[in-house]
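Scroll down for the structure; my scribbles are underneath it.
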Amino acid sequence: MDTSNQIKVKRLMRAFQTAVVLVCAVVVFGNGCAEGGFYPQGSENLASTLESSCKDPNEIEVIPGAKTASLVGTTNIVQHFAACTGLETVSQLTQGVYEDKKSSIGTYGAVTSITAPYLMAVHSIAGEVCNDVIDQEIAKGNRIFAGWNLASNSLPSNSQLADAAINLSLSCWQDYEISQEEKDIVINSIVQSVGSGEAGASRKAAIMMCTSMLASLNALLN
Amino acid sequence: MKMQKIILFVLFASFVSKADISDATRNDKAVVHYDFEDAFTNDSADPGYMNVEIPDKANAKYGAALRLKWYATDRSKITWARDVNNDGYLWLKGSTIVRSMSMATKIHTECTKATSTGLTIEAVVENNETVEERTGQYPADNNVTRNLQPSRIVSMSRDFTNRGTNFNVNFALGQVYEMGDRFMGAVTTAASNNLFTQPVMSSNTAALIQGLGRPATSYKQKIVFTVNKGSGFATLYLTDRNGNLYPAVNTQQGFNGGTMANYFSRWNSQTYLNVGNDYIPSTGILSQPESFKNIAPGSTEADNPNRYWKGKLYRLAIYCESLSEKEILGSAYQIVKNEVFPIVNVARTANLIKASEIFERLTGTKTPIYNPLLKQMEERLNAFDPVGAAALVTDHPMFYNITVRNFANKMSNRDETIAAPLNDFTATIIGAVRDNIPAKELLYGNFFYQGDPSKAAVPSDDVDDILRSNNHYASLDLASYDLKAVLMKRKQIILKASTSNGNTSTNNNNINNIQFEPVDNSWAAGLLTTRQWAAAHMIAGTNRRAVEFALREFTCTPIENAADSSGPEDVIGRDIDRNPGGSRAKFTTSCRACHTILDGFKGAFAFMTFSGDFLKHSALVPNSTQNNANEDNSIVMRIHPDAPGVTRKMNHNEDAYINGKILRDDNWVNNANSGTNKTNFGWTRMSGKGTADFGKALAESKAFPRCMAQRVFFTICKREAESKDDAFIKKVAEEFSSAERNYNLKYLFQKIVANESCLGGK
């Protein structure tokens, strides 16, 4: 290609790149709207333009034939965790923590609502749900933490830790089975954080595993 | 006849309300139990009831019975009788004391055991005292500068004081008479405290809790006070006017009262069980002053040991266990409860994953991949029946408690948020979906939904909790009741308000002069006449908002999209300036476009307004032509002298354009029927009378099923329908409104979730 044509191509490329950036800017930073707004179209033709309807600046472009990714929101986070872990009823303490933290959780569970406060709130609520699960298993028999002595000061064995991780992924990760690498990460974190003879070691290990897996994105998807 | 009606009412109330501690629980767990069913004999040998002993009917496994005895000499202060239901009661009529004949050792022994989970006090009382009799006669005091000293219904004490390191009161259940009845429970725990010194909800030092019962009338008040050693939570249960027990108040955080082993370690073992007072030595009973006004100079109310309580006592039981809510509320405890499945490894096929996605979107919760229901759904998906798979989920409680609730809640409030509190509008939609009521009827039917008091222990009085407040629904929400299980359908009711003395003074909201009566709502129009709809859209303003939001929520048409500047202006009210800013053109091109529609329809709400916390119809409340009548703080509705019966706000500000339309009745016209509006709305009605007709016009329009489809789509597909989804939305809306489907919202959810537009794939 001769020099003049190369220059033309480069200019075209720059123009194209600028146009892409501009389009993205318009789409992403368009009219500011509240999260999760329902913007009725009011017409048989649902087509909307940027002038006539208010688009969420964080709106993700719809891909035909694909499911819209979504997370738990304010109205369903507690029951979402309780249902997948098999927690029969949620304790007052857990409800109290949810009331404290719910303002940090997006109303509609839009994936664009993930923020640091959201993740911290999710961890707090997940931790309390896990406490309730452990109390339930102590009272009614082990299920997720099969074979564990949850009142013990000793850490469960690595195989018991691994089994619990599998049970949690079957329960709350649905279409995704925990991989060996992920199991190792979870187990190693527990072993490094909880002393083998520490008071309440078994319960602490259970809390740590349960909270980290419940608060993961796999568990939050809805 | 009146007695018969009372009996029938009481029997009915007893039959309907199931919230109560069962006899089995009481017989097994009560450490002391007095049912006052044993008649006092008034014989010549014992004319003053001095020898009467009230038996303790608790299980003998807790030790020897702790009989009560009366220790005053004035026989006029105490009697025994049976009420119209043949229930026995002890009637304490003045300063007196009924005390255990020996120290309450068995209570101390059982409650201080490390195995005891806490304390529960159960009492059934009745008070008939008027407010005037209460003040000045009791140790309790209404003067806020004085220390509050509640009358003691029951206490376990050896003196009335907990001072310094002398702990003489282990627990007490008290009552303060004010305009309402305030009940208080207090327990000495491992930390230091003076009982009743500060009536706060919770503290770090002891369990002290108070709750407001209903104003004293002739009805039985159940009181249950529990303290849980493990969690440190205390809860006070009370009954509403209809006798429905519910958790009235609980502590918002646990008390740091100690461990299970030492929680009641500071209890005094040398204490007596006292009924109707604190402990007073026998020799001191007659010498104690009855009124706080008679205490010694220089003393305070706190120094008056006489904390006598007046009233009827039907039952008293003490448990050294923190009874669970289920044990206390019986069958009226149908809360959300998740299923627990055995954990098994399952093959993750594409259709099993799809089944789990359908489940998640329809219920708003994640279920384990080994849930047997998913397997059943997978089989239907394998048979190419995705709607059938979804139909298995629309019976699940969470479909109603989360998904349908979110769908409905968004339409229920002005902010259009799903996070609004539960209310009658939302509950009605949930119930209608559950019961397969055609969605059309939601806009004109004569029904609403509430919690069944026999299944949900929440305050359920028609006047106080449903028509004049959102208490009933807020309580359903707070206690996590399973709405699928507890909602029941009723005919709509509305409040009739009048004054007993004929005085319609506009600034008088004195509860003693006003009579509120729930009556059948002859103007019922489904969701459009619910309290929540009225509170959101018929408060203040001109009721045009009710029209605007009806179009917005039920046809998905914001008013700006329907605006039609070619519409007639003869319907437009006198409060709209025809020359805004001196420009007739502005009115013609702008204002008229919306008002021709809003004002055309607004007659549908002519006779109604929301003020003073309830939905008013002009036929059921006093009307006032005084422009300055204080509607918000009285039962009155303001009307314009030119238009009797029509709420004044629809004819106010008449100086803006004196020749504008005066709204004199509830007729309305449909001016949203030309140009693109004709196609977009697809109306079948061009005029009508009243709210129900307006609701029918909305429900019969072509826009309504389309709008419902869009709303369901947003709820479960987590995005707005776009132009790409046009064809699908149109098709599913037609199916929804067909004779076969008959506006079944449940089917709409099933149909939409199963489509690739929603969850992708095939």
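Letters A, B, ... go to the chains of the structure tokens in the order shown; residues in each chain start at 1; ligands are counted from 1 in the same order.
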Close residues, range 199-210 of chain A itself excluded, 7 Å, only C-alpha atoms, min 6 positions apart in chain, as a PDB file with C-alpha atoms, in the first residue's frame:
ATOM      1  CA  GLY A 127     -22.539 -14.380  57.368  1.00  0.00           C
ATOM      2  CA  CYS A 130     -24.599 -18.979  57.647  1.00  0.00           C
ATOM      3  CA  ASN A 131     -24.784 -18.599  61.429  1.00  0.00           C
ATOM      4  CA  ASN A 149     -18.679 -31.589  64.911  1.00  0.00           C
ATOM      5  CA  LEU A 150     -19.719 -27.962  64.690  1.00  0.00           C
ATOM      6  CA  ALA A 151     -19.183 -27.414  68.407  1.00  0.00           C
ATOM      7  CA  SER A 152     -15.656 -28.734  68.325  1.00  0.00           C
ATOM      8  CA  ASN A 153     -12.444 -26.775  68.884  1.00  0.00           C
ATOM      9  CA  SER A 154     -10.727 -28.813  66.198  1.00  0.00           C
ATOM     10  CA  LEU A 155     -10.704 -28.093  62.513  1.00  0.00           C
ATOM     11  CA  PRO A 156     -12.510 -30.630  60.349  1.00  0.00           C
ATOM     12  CA  VAL A 186     -11.183 -22.215  50.111  1.00  0.00           C
ATOM     13  CA  ILE A 190      -9.524 -21.692  56.210  1.00  0.00           C
TER      14      ILE A 190
END
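Those residues that approach Ile369 in chain B to within 8 Å, counting only C-alpha atoms, are Leu170, Ser171, Cys172, Gln174 and Asp175 of chain A; Val346, Leu352, Ile353, Ser356 and Leu374 of chain B; same-chain residues fewer than 5 positions away are not listed.
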Q: Mind checking which residues fall within 6 Å of range 91-97 of chain A, counting only C-alpha atoms, ignoring those fewer than 2 positions away in the same chain, and posting them as a PyMOL selection string?
A: chain A and resi 99-100+128
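Note that CA of Ala439 in chain B and CA of Tyr747 in chain B are 11.1 Å apart.
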Q: Work out how far apart CA of Asp693 in chain B and CA of Ser469 in chain B are and give it in Å to one decimal.
A: 27.2 Å
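Counting only C-alpha atoms, the residue from B:Pro705, B:Gly174, B:Pro150, B:Gly276 that sits nearest to Ile729 in chain B is B:Pro705.
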Q. How many Å separate CA of Glu416 in chain B from CA of Thr107 in chain A?
A. 11.7 Å
Q: For Ala540 in chain B, list every protein, DNA or RNA residue within 12 Å, evaluated using only C-alpha atoms, and leave out those in the same chain fewer than 5 positions away; present the list as a VMD selection string.
A: chain B and resid 534 to 535 545 to 546 608 to 613 615 631 to 632 637 to 638 647 to 650 652
Restricted to N, CA and C atoms, what would the selected residues look like written as a compact mmCIF listing (two decimals), in the first residue's frame?
# COMPACT_ATOMS: atom_id res chain seq x y z
N ALA B 534 -55.60 5.32 47.17
CA ALA B 534 -56.10 6.63 47.59
C ALA B 534 -55.00 7.44 48.28
N ALA B 535 -54.23 6.76 49.14
CA ALA B 535 -53.17 7.48 49.86
C ALA B 535 -52.12 8.02 48.91
N ARG B 545 -54.33 13.26 39.66
CA ARG B 545 -53.23 12.30 39.74
C ARG B 545 -53.76 10.87 39.72
N ALA B 546 -54.93 10.68 40.28
CA ALA B 546 -55.53 9.34 40.24
C ALA B 546 -55.78 8.90 38.80
N MET B 608 -64.69 11.30 46.17
CA MET B 608 -63.72 10.70 47.09
C MET B 608 -62.50 11.57 47.29
N THR B 609 -61.92 11.43 48.46
CA THR B 609 -60.65 12.07 48.74
C THR B 609 -59.96 11.26 49.84
N PHE B 610 -58.67 11.47 49.99
CA PHE B 610 -57.93 10.83 51.07
C PHE B 610 -57.42 11.92 51.98
N SER B 611 -57.95 11.95 53.19
CA SER B 611 -57.46 12.92 54.17
C SER B 611 -57.76 12.38 55.55
N GLY B 612 -57.05 12.88 56.55
CA GLY B 612 -57.25 12.36 57.91
C GLY B 612 -56.90 10.88 57.99
N ASP B 613 -56.04 10.42 57.07
CA ASP B 613 -55.54 9.03 57.07
C ASP B 613 -56.51 7.99 56.58
N LEU B 615 -59.65 6.89 53.35
CA LEU B 615 -60.36 7.21 52.13
C LEU B 615 -61.77 7.64 52.51
N GLU B 631 -59.60 19.46 56.86
CA GLU B 631 -59.93 18.09 56.44
C GLU B 631 -58.91 17.09 56.93
N ASP B 632 -57.66 17.52 56.99
CA ASP B 632 -56.59 16.58 57.30
C ASP B 632 -56.63 16.12 58.75
N MET B 637 -65.24 16.17 55.07
CA MET B 637 -64.80 16.37 53.69
C MET B 637 -65.29 17.75 53.27
N ARG B 638 -64.40 18.52 52.66
CA ARG B 638 -64.80 19.84 52.18
C ARG B 638 -65.47 19.71 50.82
N THR B 647 -65.91 16.43 46.10
CA THR B 647 -64.82 16.93 46.92
C THR B 647 -64.37 18.29 46.40
N ARG B 648 -64.18 19.21 47.32
CA ARG B 648 -63.98 20.60 46.94
C ARG B 648 -62.75 20.79 46.06
N LYS B 649 -61.72 19.98 46.27
CA LYS B 649 -60.48 20.20 45.51
C LYS B 649 -60.70 20.06 44.01
N MET B 650 -61.78 19.42 43.60
CA MET B 650 -62.03 19.28 42.17
C MET B 650 -62.72 20.51 41.60
N HIS B 652 -61.91 23.74 43.15
CA HIS B 652 -61.31 24.88 43.85
C HIS B 652 -60.54 25.78 42.88
**Q.** Long-range neighbours of Lys106 in chain B as a PyMOL selection string, 12 Å cut-off, only C-alpha atoms, 6 positions minimum in chain
**A.** chain B and resi 30-32+58-66+100+112-113+156+269-273+318-320
Q | Residue contacts of His617 in chain B (10 Å, only C-alpha atoms) excluding same-chain residues fewer than 4 positions away, as a ChimeraX atom specification | A | /B:494-497,521,523,605-610,621-623,637,645-647
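The shortest atom-to-atom distance to chain A, with only C-alpha atoms taken into account, belongs to B:Ala420 out of B:Ala39, B:Ala420, B:Ala261, B:Ala408.
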Q) With only C-alpha atoms as the basis for distance, which of A:Ser196, A:Ser124, A:Gln136, A:Thr115 is at the shortest distance from chain B? A) A:Gln136
